[in-house]
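Asks: What follows is upload.csv, CSV, N, CA and C atoms.
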chain,number,residue,atom,x,y,z
A,15,MET,N,-15.6,4.1,-18.5
A,15,MET,CA,-16.5,3.3,-17.7
A,15,MET,C,-16.4,3.7,-16.2
A,16,VAL,N,-17.5,3.7,-15.5
A,16,VAL,CA,-17.5,4.0,-14.1
A,16,VAL,C,-16.9,2.8,-13.4
A,17,LYS,N,-16.1,3.0,-12.4
A,17,LYS,CA,-15.6,1.9,-11.6
A,17,LYS,C,-16.5,1.8,-10.4
A,18,PHE,N,-16.9,0.5,-10.1
A,18,PHE,CA,-17.9,0.3,-9.1
A,18,PHE,C,-17.2,-0.3,-7.8
A,19,SER,N,-15.9,-0.3,-7.8
A,19,SER,CA,-15.2,-0.8,-6.6
A,19,SER,C,-14.1,0.1,-6.3
A,20,ARG,N,-13.6,0.1,-5.0
A,20,ARG,CA,-12.5,1.0,-4.7
A,20,ARG,C,-11.3,0.2,-4.3
A,21,THR,N,-11.4,-1.1,-4.1
A,21,THR,CA,-10.3,-1.9,-3.7
A,21,THR,C,-10.1,-3.2,-4.5
A,22,TRP,N,-9.0,-3.9,-4.4
A,22,TRP,CA,-8.8,-5.1,-5.1
A,22,TRP,C,-9.9,-6.1,-4.6
A,23,TRP,N,-10.3,-6.0,-3.3
A,23,TRP,CA,-11.3,-6.9,-2.8
A,23,TRP,C,-12.6,-6.7,-3.5
A,24,GLY,N,-13.0,-5.4,-3.7
A,24,GLY,CA,-14.2,-5.1,-4.4
A,24,GLY,C,-14.2,-5.5,-5.8
A,25,ASP,N,-13.0,-5.4,-6.5
A,25,ASP,CA,-12.9,-5.9,-7.9
A,25,ASP,C,-13.1,-7.4,-7.9
A,26,ARG,N,-12.5,-8.1,-7.0
A,26,ARG,CA,-12.7,-9.6,-6.9
A,26,ARG,C,-14.1,-10.0,-6.6
A,27,PHE,N,-14.8,-9.2,-5.8
A,27,PHE,CA,-16.2,-9.5,-5.4
A,27,PHE,C,-17.0,-9.4,-6.7
A,28,ILE,N,-16.8,-8.3,-7.5
A,28,ILE,CA,-17.6,-8.1,-8.7
A,28,ILE,C,-17.2,-9.2,-9.7
A,29,LYS,N,-16.0,-9.6,-9.8
A,29,LYS,CA,-15.6,-10.7,-10.7
A,29,LYS,C,-16.3,-12.0,-10.3
A,30,ALA,N,-16.4,-12.3,-9.0
A,30,ALA,CA,-17.1,-13.5,-8.6
A,30,ALA,C,-18.6,-13.4,-9.0
A,31,LEU,N,-19.2,-12.2,-8.9
A,31,LEU,CA,-20.6,-12.1,-9.4
A,31,LEU,C,-20.7,-12.4,-10.9
A,32,GLU,N,-19.7,-11.9,-11.6
A,32,GLU,CA,-19.8,-12.1,-13.1
A,32,GLU,C,-19.6,-13.6,-13.4
A,33,ASN,N,-19.1,-14.4,-12.6
A,33,ASN,CA,-18.9,-15.8,-12.9
A,33,ASN,C,-20.2,-16.6,-12.9
A,34,PHE,N,-21.2,-16.1,-12.2
A,34,PHE,CA,-22.4,-16.9,-12.1
A,34,PHE,C,-23.7,-16.2,-12.5
A,35,THR,N,-23.6,-14.9,-13.0
A,35,THR,CA,-24.8,-14.3,-13.4
A,35,THR,C,-24.6,-13.8,-14.9
A,36,ASP,N,-25.7,-13.5,-15.5
A,36,ASP,CA,-25.6,-13.1,-16.9
A,36,ASP,C,-25.1,-11.7,-17.1
A,37,ASP,N,-24.3,-11.4,-18.2
A,37,ASP,CA,-23.8,-10.1,-18.4
A,37,ASP,C,-24.8,-9.1,-18.5
A,38,GLY,N,-26.0,-9.4,-19.1
A,38,GLY,CA,-27.1,-8.4,-19.3
A,38,GLY,C,-27.5,-7.9,-18.0
A,39,ARG,N,-27.7,-8.7,-17.0
A,39,ARG,CA,-28.2,-8.3,-15.7
A,39,ARG,C,-27.2,-7.3,-15.0
A,40,LEU,N,-25.9,-7.7,-15.1
A,40,LEU,CA,-24.9,-6.8,-14.5
A,40,LEU,C,-24.8,-5.5,-15.3
A,41,GLN,N,-24.9,-5.5,-16.6
A,41,GLN,CA,-24.8,-4.3,-17.4
A,41,GLN,C,-26.0,-3.4,-17.0
A,42,ARG,N,-27.2,-4.0,-16.9
A,42,ARG,CA,-28.3,-3.1,-16.5
A,42,ARG,C,-28.1,-2.5,-15.1
A,43,GLY,N,-27.6,-3.3,-14.2
A,43,GLY,CA,-27.3,-2.8,-12.9
A,43,GLY,C,-26.3,-1.7,-12.9
A,44,ARG,N,-25.3,-1.8,-13.7
A,44,ARG,CA,-24.3,-0.7,-13.8
A,44,ARG,C,-24.9,0.5,-14.4
A,45,SER,N,-25.8,0.3,-15.5
A,45,SER,CA,-26.4,1.4,-16.1
A,45,SER,C,-27.4,2.1,-15.2
A,46,TYR,N,-28.2,1.3,-14.4
A,46,TYR,CA,-29.1,1.9,-13.4
A,46,TYR,C,-28.3,2.7,-12.4
A,47,ALA,N,-27.2,2.2,-11.9
A,47,ALA,CA,-26.4,2.9,-10.9
A,47,ALA,C,-25.9,4.2,-11.4
A,48,SER,N,-25.4,4.1,-12.6
A,48,SER,CA,-24.7,5.3,-13.3
A,48,SER,C,-25.7,6.4,-13.6
A,49,SER,N,-27.0,6.0,-13.9
A,49,SER,CA,-28.0,7.0,-14.3
A,49,SER,C,-28.9,7.4,-13.2
A,50,GLY,N,-28.6,7.1,-12.0
A,50,GLY,CA,-29.4,7.6,-10.9
A,50,GLY,C,-30.7,6.9,-10.6
A,51,LYS,N,-30.9,5.6,-11.1
A,51,LYS,CA,-32.1,4.9,-11.0
A,51,LYS,C,-32.2,4.2,-9.6
A,52,VAL,N,-31.1,4.2,-8.9
A,52,VAL,CA,-31.2,3.6,-7.5
A,52,VAL,C,-31.7,4.7,-6.6
A,53,LEU,N,-33.0,4.5,-6.3
A,53,LEU,CA,-33.7,5.5,-5.5
A,53,LEU,C,-33.2,5.6,-4.1
A,54,ASN,N,-32.9,4.5,-3.4
A,54,ASN,CA,-32.3,4.5,-2.1
A,54,ASN,C,-31.8,3.1,-1.8
A,55,PHE,N,-31.0,3.0,-0.8
A,55,PHE,CA,-30.5,1.7,-0.4
A,55,PHE,C,-30.1,1.7,1.0
A,56,GLU,N,-30.2,0.6,1.7
A,56,GLU,CA,-29.8,0.5,3.1
A,56,GLU,C,-28.9,-0.7,3.3
A,57,ILE,N,-27.9,-0.6,4.1
A,57,ILE,CA,-27.1,-1.8,4.5
A,57,ILE,C,-27.2,-1.9,6.0
A,58,GLU,N,-27.7,-3.1,6.4
A,58,GLU,CA,-27.9,-3.4,7.8
A,58,GLU,C,-27.3,-4.7,8.1
A,59,GLN,N,-26.2,-4.8,8.7
A,59,GLN,CA,-25.4,-6.0,9.0
A,59,GLN,C,-25.2,-6.7,7.7
A,60,ASN,N,-25.8,-7.9,7.5
A,60,ASN,CA,-25.5,-8.7,6.3
A,60,ASN,C,-26.7,-8.6,5.3
A,61,HIS,N,-27.5,-7.6,5.4
A,61,HIS,CA,-28.7,-7.5,4.6
A,61,HIS,C,-28.7,-6.1,3.9
A,62,ILE,N,-28.8,-6.2,2.5
A,62,ILE,CA,-28.9,-4.9,1.7
A,62,ILE,C,-30.2,-4.9,1.1
A,63,THR,N,-30.9,-3.7,1.2
A,63,THR,CA,-32.2,-3.5,0.5
A,63,THR,C,-32.1,-2.2,-0.3
A,64,ALA,N,-32.8,-2.2,-1.4
A,64,ALA,CA,-32.8,-1.0,-2.3
A,64,ALA,C,-34.1,-0.9,-3.1
A,65,ARG,N,-34.4,0.3,-3.5
A,65,ARG,CA,-35.5,0.6,-4.4
A,65,ARG,C,-34.9,1.1,-5.7
A,66,VAL,N,-35.2,0.5,-6.8
A,66,VAL,CA,-34.6,0.8,-8.1
A,66,VAL,C,-35.6,1.0,-9.1
A,67,LYS,N,-35.5,2.1,-9.9
A,67,LYS,CA,-36.4,2.3,-11.0
A,67,LYS,C,-36.0,1.4,-12.2
A,68,GLY,N,-36.9,0.7,-12.8
A,68,GLY,CA,-36.6,-0.1,-14.0
A,68,GLY,C,-36.7,0.7,-15.2
A,69,SER,N,-36.8,0.0,-16.4
A,69,SER,CA,-36.8,0.7,-17.6
A,69,SER,C,-38.1,0.4,-18.4
A,70,VAL,N,-38.6,1.3,-19.1
A,70,VAL,CA,-39.7,1.1,-20.0
A,70,VAL,C,-39.2,0.2,-21.2
A,71,ASN,N,-40.0,-0.8,-21.6
A,71,ASN,CA,-39.5,-1.7,-22.7
A,71,ASN,C,-40.8,-2.2,-23.4
A,72,PRO,N,-41.4,-1.5,-24.3
A,72,PRO,CA,-42.6,-1.9,-25.0
A,72,PRO,C,-42.5,-3.3,-25.6
A,73,TYR,N,-41.3,-3.7,-26.1
A,73,TYR,CA,-41.1,-5.0,-26.7
A,73,TYR,C,-41.6,-6.1,-25.7
A,74,PHE,N,-41.3,-5.9,-24.4
A,74,PHE,CA,-41.7,-6.9,-23.4
A,74,PHE,C,-43.0,-6.5,-22.7
A,75,GLY,N,-43.7,-5.5,-23.2
A,75,GLY,CA,-44.9,-5.1,-22.6
A,75,GLY,C,-44.8,-4.2,-21.4
A,76,VAL,N,-43.7,-3.6,-21.2
A,76,VAL,CA,-43.5,-2.7,-20.0
A,76,VAL,C,-43.6,-1.2,-20.5
A,77,TYR,N,-44.7,-0.6,-20.3
A,77,TYR,CA,-45.0,0.7,-20.8
A,77,TYR,C,-44.9,1.8,-19.7
A,78,LYS,N,-44.8,1.4,-18.5
A,78,LYS,CA,-44.7,2.4,-17.4
A,78,LYS,C,-43.4,2.0,-16.6
A,79,GLU,N,-42.6,3.0,-16.2
A,79,GLU,CA,-41.4,2.7,-15.5
A,79,GLU,C,-41.6,2.0,-14.2
A,80,PRO,N,-41.2,0.7,-14.1
A,80,PRO,CA,-41.5,0.0,-12.8
A,80,PRO,C,-40.5,0.4,-11.7
A,81,THR,N,-40.9,0.1,-10.5
A,81,THR,CA,-40.0,0.3,-9.3
A,81,THR,C,-39.8,-1.1,-8.7
A,82,TYR,N,-38.6,-1.5,-8.5
A,82,TYR,CA,-38.3,-2.8,-7.9
A,82,TYR,C,-37.8,-2.7,-6.5
A,83,ASN,N,-38.2,-3.6,-5.6
A,83,ASN,CA,-37.6,-3.7,-4.3
A,83,ASN,C,-36.6,-4.8,-4.3
A,84,ILE,N,-35.4,-4.5,-4.0
A,84,ILE,CA,-34.3,-5.5,-4.1
A,84,ILE,C,-33.8,-5.8,-2.7
A,85,SER,N,-33.5,-7.1,-2.5
A,85,SER,CA,-33.1,-7.6,-1.2
A,85,SER,C,-31.9,-8.5,-1.5
A,86,ILE,N,-30.8,-8.3,-0.8
A,86,ILE,CA,-29.6,-9.2,-1.0
A,86,ILE,C,-29.1,-9.5,0.5
A,87,GLU,N,-28.9,-10.8,0.7
A,87,GLU,CA,-28.4,-11.2,2.0
A,87,GLU,C,-27.0,-11.8,1.8
A,88,ILE,N,-26.1,-11.3,2.6
A,88,ILE,CA,-24.7,-11.9,2.5
A,88,ILE,C,-24.6,-12.8,3.7
A,89,LYS,N,-24.4,-14.1,3.4
A,89,LYS,CA,-24.3,-15.1,4.4
A,89,LYS,C,-22.9,-15.1,5.1
A,90,SER,N,-22.9,-14.9,6.4
A,90,SER,CA,-21.6,-14.9,7.1
A,90,SER,C,-21.2,-16.3,7.4
A,91,ILE,N,-19.9,-16.4,7.6
A,91,ILE,CA,-19.3,-17.7,8.1
A,91,ILE,C,-19.6,-17.8,9.6
A,92,PRO,N,-20.2,-18.9,10.0
A,92,PRO,CA,-20.6,-19.1,11.4
A,92,PRO,C,-19.3,-19.2,12.3
A,93,LYS,N,-19.4,-18.7,13.5
A,93,LYS,CA,-18.3,-18.8,14.4
A,93,LYS,C,-17.7,-20.2,14.5
A,94,SER,N,-18.6,-21.2,14.5
A,94,SER,CA,-18.1,-22.5,14.6
A,94,SER,C,-17.2,-23.0,13.5
A,95,SER,N,-17.2,-22.3,12.3
A,95,SER,CA,-16.4,-22.6,11.2
A,95,SER,C,-15.1,-21.8,11.1
A,96,TRP,N,-14.9,-20.8,11.9
A,96,TRP,CA,-13.8,-19.9,11.7
A,96,TRP,C,-12.5,-20.6,12.0
A,97,ASN,N,-12.4,-21.5,12.9
A,97,ASN,CA,-11.1,-22.2,13.2
A,97,ASN,C,-10.7,-23.0,11.9
A,98,GLU,N,-11.7,-23.6,11.3
A,98,GLU,CA,-11.4,-24.3,10.0
A,98,GLU,C,-10.9,-23.4,8.9
A,99,VAL,N,-11.6,-22.2,8.8
A,99,VAL,CA,-11.2,-21.2,7.8
A,99,VAL,C,-9.7,-20.8,8.1
A,100,ILE,N,-9.4,-20.5,9.4
A,100,ILE,CA,-8.1,-20.0,9.7
A,100,ILE,C,-7.1,-21.1,9.5
A,101,ASP,N,-7.4,-22.3,9.8
A,101,ASP,CA,-6.4,-23.4,9.5
A,101,ASP,C,-6.2,-23.6,8.0
A,102,LYS,N,-7.2,-23.4,7.2
A,102,LYS,CA,-7.1,-23.6,5.8
A,102,LYS,C,-6.2,-22.4,5.2
A,103,LEU,N,-6.4,-21.2,5.7
A,103,LEU,CA,-5.7,-20.1,5.2
A,103,LEU,C,-4.2,-20.2,5.7
A,104,SER,N,-4.0,-20.5,7.0
A,104,SER,CA,-2.6,-20.6,7.5
A,104,SER,C,-1.8,-21.7,7.0
A,105,SER,N,-2.5,-22.7,6.4
A,105,SER,CA,-1.7,-23.9,5.9
A,105,SER,C,-1.0,-23.5,4.6
A,106,LYS,N,-1.3,-22.4,4.0
A,106,LYS,CA,-0.6,-21.9,2.8
A,106,LYS,C,0.6,-21.2,3.2
A,107,ALA,N,1.7,-21.4,2.5
A,107,ALA,CA,3.0,-20.7,2.8
A,107,ALA,C,2.8,-19.2,2.8
A,108,SER,N,2.0,-18.6,1.9
A,108,SER,CA,1.8,-17.2,1.8
A,108,SER,C,0.8,-16.6,2.8
A,109,GLY,N,0.2,-17.5,3.6
A,109,GLY,CA,-0.8,-17.0,4.5
A,109,GLY,C,-2.0,-16.3,3.9
A,110,LEU,N,-2.3,-15.2,4.3
A,110,LEU,CA,-3.5,-14.5,3.8
A,110,LEU,C,-3.0,-13.4,2.8
A,111,SER,N,-2.4,-13.9,1.7
A,111,SER,CA,-1.9,-13.0,0.6
A,111,SER,C,-3.0,-12.7,-0.4
A,112,ASN,N,-2.8,-11.7,-1.1
A,112,ASN,CA,-3.7,-11.4,-2.2
A,112,ASN,C,-3.9,-12.5,-3.2
A,113,PHE,N,-2.8,-13.2,-3.5
A,113,PHE,CA,-2.8,-14.3,-4.4
A,113,PHE,C,-3.7,-15.4,-4.0
A,114,TYR,N,-3.6,-15.8,-2.7
A,114,TYR,CA,-4.5,-16.8,-2.2
A,114,TYR,C,-6.0,-16.4,-2.2
A,115,LEU,N,-6.2,-15.2,-1.8
A,115,LEU,CA,-7.6,-14.7,-1.8
A,115,LEU,C,-8.2,-14.6,-3.2
A,116,TRP,N,-7.4,-14.5,-4.2
A,116,TRP,CA,-7.9,-14.5,-5.6
A,116,TRP,C,-8.4,-15.9,-5.9
A,117,MET,N,-7.9,-16.9,-5.3
A,117,MET,CA,-8.4,-18.2,-5.6
A,117,MET,C,-9.6,-18.4,-4.8
A,118,ARG,N,-10.6,-19.1,-5.4
A,118,ARG,CA,-11.8,-19.3,-4.6
A,118,ARG,C,-11.6,-20.6,-3.8
A,119,PHE,N,-12.1,-20.5,-2.5
A,119,PHE,CA,-12.0,-21.7,-1.7
A,119,PHE,C,-13.3,-21.7,-0.9
A,120,THR,N,-13.6,-22.9,-0.5
A,120,THR,CA,-14.8,-23.2,0.3
A,120,THR,C,-14.5,-24.0,1.5
A,121,VAL,N,-15.1,-23.6,2.6
A,121,VAL,CA,-15.0,-24.4,3.9
A,121,VAL,C,-16.4,-24.6,4.3
A,122,ASN,N,-16.8,-25.9,4.5
A,122,ASN,CA,-18.2,-26.2,4.9
A,122,ASN,C,-19.2,-25.5,4.0
A,123,SER,N,-19.0,-25.4,2.8
A,123,SER,CA,-19.8,-24.8,1.8
A,123,SER,C,-19.9,-23.3,1.9
A,124,PHE,N,-19.0,-22.6,2.7
A,124,PHE,CA,-19.0,-21.2,2.8
A,124,PHE,C,-17.9,-20.7,1.9
A,125,SER,N,-18.2,-19.7,1.1
A,125,SER,CA,-17.2,-19.1,0.2
A,125,SER,C,-16.9,-17.7,0.7
A,126,ILE,N,-15.7,-17.2,0.5
A,126,ILE,CA,-15.4,-15.9,0.9
A,126,ILE,C,-15.8,-14.9,-0.2
A,127,PHE,N,-16.3,-15.4,-1.4
A,127,PHE,CA,-16.7,-14.6,-2.5
A,127,PHE,C,-18.2,-15.0,-2.8
A,128,PRO,N,-18.9,-14.1,-3.5
A,128,PRO,CA,-20.3,-14.5,-3.8
A,128,PRO,C,-20.4,-15.7,-4.7
A,129,GLN,N,-21.5,-16.4,-4.6
A,129,GLN,CA,-21.7,-17.6,-5.4
A,129,GLN,C,-23.2,-17.7,-5.6
A,130,SER,N,-23.6,-18.4,-6.6
A,130,SER,CA,-25.0,-18.6,-6.9
A,130,SER,C,-25.7,-19.6,-6.0
A,131,HIS,N,-26.9,-19.4,-5.6
A,131,HIS,CA,-27.6,-20.3,-4.8
A,131,HIS,C,-29.0,-20.6,-5.5
A,132,ASN,N,-29.4,-21.8,-5.6
A,132,ASN,CA,-30.7,-22.1,-6.1
A,132,ASN,C,-31.7,-22.3,-5.0
A,133,PHE,N,-32.7,-21.5,-4.9
A,133,PHE,CA,-33.7,-21.6,-3.8
A,133,PHE,C,-35.0,-22.3,-4.3
Take the structure I supplied and represent it as structure tokens, if you would.
Replies:
Amino acid sequence: MVKFSRTWWGDRFIKALENFTDDGRLQRGRSYASSGKVLNFEIEQNHITARVKGSVNPYFGVYKEPTYNISIEIKSIPKSSWNEVIDKLSSKASGLSNFYLWMRFTVNSFSIFPQSHNF
């Protein structure tokens, strides 16, 4: 299987995604990435955009390979909340250790890992 992260942080980021989205969606994404269906992507500050070729699926009435425009926004922690984040992290005996980062925590509804939002 192709590895989609290079660091423990990337592994944890993907695990966080897996906690709130369906396996089928992630499997399709991995399949599309592995088979060259990601036509292009851009990362600009906290915004990621991509064009991805979908799949033909006559069962669902998809007879022509669709192209999707994908947009992902990573919400950053506002400057006004950083002191609280630092206080929360430094209150742990281990400080900013891998163990503590593996635990999910939230400060003012900001998580350091991805989470689902209902819009």
Asks: With all atoms listed in the file counted and 6 Å as the cut-off, give the residues of range 21-65 of chain A in contact with range 72-88 of chain A, each with its shortest interatomic distance in Å and the pair that gives it, as a Markdown table.
Replies:
| residue | atom | partner | partner_atom | distance |
| --- | --- | --- | --- | --- |
| A:Asn60 | C | A:Ile88 | N | 3.9 |
| A:His61 | CA | A:Glu87 | CA | 4.5 |
| A:Ile62 | N | A:Ile86 | C | 3.9 |
| A:Thr63 | CA | A:Ile84 | C | 4.3 |
| A:Ala64 | C | A:Ile84 | N | 3.9 |
| A:Arg65 | CA | A:Tyr82 | C | 4.5 |
Asks: Using CA of Glu32 in chain A and CA of Ala47 in chain A as the two end points, give the distance in Å to one decimal.
Replies: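 Interatomic distance here is 16.5 Å.
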Asks: Mind pulling up the distance from atom N of Phe27 in chain A to CA of Ile100 in chain A?
Replies: 20.0 Å
Asks: If I take atom C of Val66 in chain A and atom N of Leu53 in chain A, how far is one from the other in Å, to one decimal?
Replies: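 Atom-to-atom, atom C of Val66 in chain A to atom N of Leu53 in chain A, that is 5.2 Å.
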Asks: Which of range 15-103 of chain A end up as strand (DSSP E) when DSSP is run on this backbone - answer as a PyMOL selection string?
Replies: chain A and resi 52-58+61-67+81-87
Asks: Starting from the block above, write range 20-31 of chain A out to a file with all heavy atoms, as a PDB file, in the first residue's frame, please.
Replies:
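Contents of decode_8.pdb, as written:
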ATOM      1  N   ARG A  20       4.620  11.353   5.392  1.00  0.00           N
ATOM      2  CA  ARG A  20       6.053  11.136   5.577  1.00  0.00           C
ATOM      3  C   ARG A  20       6.488  11.247   7.028  1.00  0.00           C
ATOM      4  O   ARG A  20       7.628  10.961   7.360  1.00  0.00           O
ATOM      5  CB  ARG A  20       6.838  12.158   4.754  1.00  0.00           C
ATOM      6  CG  ARG A  20       6.727  11.906   3.274  1.00  0.00           C
ATOM      7  CD  ARG A  20       7.547  12.891   2.516  1.00  0.00           C
ATOM      8  NE  ARG A  20       6.633  13.565   1.608  1.00  0.00           N
ATOM      9  CZ  ARG A  20       6.874  14.667   0.980  1.00  0.00           C
ATOM     10  NH1 ARG A  20       8.004  15.275   1.144  1.00  0.00           N
ATOM     11  NH2 ARG A  20       5.985  15.190   0.191  1.00  0.00           N
ATOM     12  N   THR A  21       5.585  11.715   7.891  1.00  0.00           N
ATOM     13  CA  THR A  21       5.947  11.943   9.289  1.00  0.00           C
ATOM     14  C   THR A  21       4.871  11.370  10.205  1.00  0.00           C
ATOM     15  O   THR A  21       3.763  11.055   9.766  1.00  0.00           O
ATOM     16  CB  THR A  21       6.060  13.459   9.582  1.00  0.00           C
ATOM     17  OG1 THR A  21       4.764  14.049   9.407  1.00  0.00           O
ATOM     18  CG2 THR A  21       7.072  14.134   8.669  1.00  0.00           C
ATOM     19  N   TRP A  22       5.188  11.267  11.510  1.00  0.00           N
ATOM     20  CA  TRP A  22       4.184  10.806  12.461  1.00  0.00           C
ATOM     21  C   TRP A  22       3.029  11.798  12.498  1.00  0.00           C
ATOM     22  O   TRP A  22       1.885  11.418  12.685  1.00  0.00           O
ATOM     23  CB  TRP A  22       4.785  10.601  13.846  1.00  0.00           C
ATOM     24  CG  TRP A  22       5.148  11.882  14.546  1.00  0.00           C
ATOM     25  CD1 TRP A  22       6.349  12.514  14.522  1.00  0.00           C
ATOM     26  CD2 TRP A  22       4.275  12.685  15.346  1.00  0.00           C
ATOM     27  NE1 TRP A  22       6.279  13.683  15.250  1.00  0.00           N
ATOM     28  CE2 TRP A  22       5.015  13.805  15.770  1.00  0.00           C
ATOM     29  CE3 TRP A  22       2.956  12.567  15.743  1.00  0.00           C
ATOM     30  CZ2 TRP A  22       4.487  14.798  16.568  1.00  0.00           C
ATOM     31  CZ3 TRP A  22       2.414  13.565  16.541  1.00  0.00           C
ATOM     32  CH2 TRP A  22       3.174  14.658  16.949  1.00  0.00           C
ATOM     33  N   TRP A  23       3.327  13.098  12.293  1.00  0.00           N
ATOM     34  CA  TRP A  23       2.268  14.109  12.279  1.00  0.00           C
ATOM     35  C   TRP A  23       1.315  13.858  11.110  1.00  0.00           C
ATOM     36  O   TRP A  23       0.099  13.940  11.258  1.00  0.00           O
ATOM     37  CB  TRP A  23       2.884  15.498  12.184  1.00  0.00           C
ATOM     38  CG  TRP A  23       1.857  16.592  12.172  1.00  0.00           C
ATOM     39  CD1 TRP A  23       1.303  17.187  11.077  1.00  0.00           C
ATOM     40  CD2 TRP A  23       1.240  17.186  13.298  1.00  0.00           C
ATOM     41  NE1 TRP A  23       0.388  18.126  11.461  1.00  0.00           N
ATOM     42  CE2 TRP A  23       0.333  18.151  12.826  1.00  0.00           C
ATOM     43  CE3 TRP A  23       1.362  17.011  14.668  1.00  0.00           C
ATOM     44  CZ2 TRP A  23      -0.442  18.927  13.668  1.00  0.00           C
ATOM     45  CZ3 TRP A  23       0.588  17.799  15.496  1.00  0.00           C
ATOM     46  CH2 TRP A  23      -0.294  18.733  14.997  1.00  0.00           C
ATOM     47  N   GLY A  24       1.862  13.561   9.932  1.00  0.00           N
ATOM     48  CA  GLY A  24       1.029  13.249   8.774  1.00  0.00           C
ATOM     49  C   GLY A  24       0.180  12.015   9.012  1.00  0.00           C
ATOM     50  O   GLY A  24      -1.004  11.975   8.646  1.00  0.00           O
ATOM     51  N   ASP A  25       0.782  10.993   9.635  1.00  0.00           N
ATOM     52  CA  ASP A  25       0.015   9.781   9.982  1.00  0.00           C
ATOM     53  C   ASP A  25      -1.144  10.133  10.906  1.00  0.00           C
ATOM     54  O   ASP A  25      -2.269   9.669  10.719  1.00  0.00           O
ATOM     55  CB  ASP A  25       0.906   8.746  10.691  1.00  0.00           C
ATOM     56  CG  ASP A  25       1.899   8.078   9.753  1.00  0.00           C
ATOM     57  OD1 ASP A  25       1.660   8.071   8.530  1.00  0.00           O
ATOM     58  OD2 ASP A  25       2.906   7.560  10.263  1.00  0.00           O
ATOM     59  N   ARG A  26      -0.896  10.965  11.904  1.00  0.00           N
ATOM     60  CA  ARG A  26      -1.937  11.343  12.856  1.00  0.00           C
ATOM     61  C   ARG A  26      -3.028  12.178  12.184  1.00  0.00           C
ATOM     62  O   ARG A  26      -4.209  12.039  12.483  1.00  0.00           O
ATOM     63  CB  ARG A  26      -1.313  12.110  14.028  1.00  0.00           C
ATOM     64  CG  ARG A  26      -2.318  12.519  15.078  1.00  0.00           C
ATOM     65  CD  ARG A  26      -3.032  11.296  15.672  1.00  0.00           C
ATOM     66  NE  ARG A  26      -4.020  11.676  16.638  1.00  0.00           N
ATOM     67  CZ  ARG A  26      -5.305  11.874  16.382  1.00  0.00           C
ATOM     68  NH1 ARG A  26      -5.770  11.724  15.171  1.00  0.00           N
ATOM     69  NH2 ARG A  26      -6.144  12.213  17.331  1.00  0.00           N
ATOM     70  N   PHE A  27      -2.626  13.035  11.254  1.00  0.00           N
ATOM     71  CA  PHE A  27      -3.575  13.862  10.511  1.00  0.00           C
ATOM     72  C   PHE A  27      -4.535  12.966   9.728  1.00  0.00           C
ATOM     73  O   PHE A  27      -5.754  13.153   9.762  1.00  0.00           O
ATOM     74  CB  PHE A  27      -2.792  14.780   9.565  1.00  0.00           C
ATOM     75  CG  PHE A  27      -3.612  15.854   8.933  1.00  0.00           C
ATOM     76  CD1 PHE A  27      -3.766  17.079   9.551  1.00  0.00           C
ATOM     77  CD2 PHE A  27      -4.216  15.651   7.700  1.00  0.00           C
ATOM     78  CE1 PHE A  27      -4.513  18.081   8.954  1.00  0.00           C
ATOM     79  CE2 PHE A  27      -4.969  16.648   7.096  1.00  0.00           C
ATOM     80  CZ  PHE A  27      -5.117  17.870   7.727  1.00  0.00           C
ATOM     81  N   ILE A  28      -3.995  11.954   9.059  1.00  0.00           N
ATOM     82  CA  ILE A  28      -4.826  11.020   8.292  1.00  0.00           C
ATOM     83  C   ILE A  28      -5.732  10.224   9.225  1.00  0.00           C
ATOM     84  O   ILE A  28      -6.914  10.018   8.939  1.00  0.00           O
ATOM     85  CB  ILE A  28      -3.954  10.110   7.413  1.00  0.00           C
ATOM     86  CG1 ILE A  28      -3.344  10.944   6.277  1.00  0.00           C
ATOM     87  CG2 ILE A  28      -4.767   8.941   6.855  1.00  0.00           C
ATOM     88  CD1 ILE A  28      -2.292  10.230   5.462  1.00  0.00           C
ATOM     89  N   LYS A  29      -5.219   9.786  10.372  1.00  0.00           N
ATOM     90  CA  LYS A  29      -6.054   9.060  11.337  1.00  0.00           C
ATOM     91  C   LYS A  29      -7.216   9.938  11.815  1.00  0.00           C
ATOM     92  O   LYS A  29      -8.331   9.456  12.000  1.00  0.00           O
ATOM     93  CB  LYS A  29      -5.218   8.585  12.513  1.00  0.00           C
ATOM     94  CG  LYS A  29      -4.384   7.356  12.218  1.00  0.00           C
ATOM     95  CD  LYS A  29      -3.651   6.919  13.468  1.00  0.00           C
ATOM     96  CE  LYS A  29      -2.686   5.793  13.313  1.00  0.00           C
ATOM     97  NZ  LYS A  29      -2.428   5.215  12.053  1.00  0.00           N
ATOM     98  N   ALA A  30      -6.949  11.224  12.023  1.00  0.00           N
ATOM     99  CA  ALA A  30      -8.021  12.130  12.438  1.00  0.00           C
ATOM    100  C   ALA A  30      -9.087  12.229  11.348  1.00  0.00           C
ATOM    101  O   ALA A  30     -10.287  12.216  11.637  1.00  0.00           O
ATOM    102  CB  ALA A  30      -7.452  13.517  12.750  1.00  0.00           C
ATOM    103  N   LEU A  31      -8.674  12.286  10.087  1.00  0.00           N
ATOM    104  CA  LEU A  31      -9.641  12.285   8.985  1.00  0.00           C
ATOM    105  C   LEU A  31     -10.472  11.007   8.999  1.00  0.00           C
ATOM    106  O   LEU A  31     -11.684  11.040   8.776  1.00  0.00           O
ATOM    107  CB  LEU A  31      -8.928  12.396   7.641  1.00  0.00           C
ATOM    108  CG  LEU A  31      -8.337  13.748   7.269  1.00  0.00           C
ATOM    109  CD1 LEU A  31      -7.558  13.639   5.969  1.00  0.00           C
ATOM    110  CD2 LEU A  31      -9.410  14.803   7.157  1.00  0.00           C
TER     111      LEU A  31
END
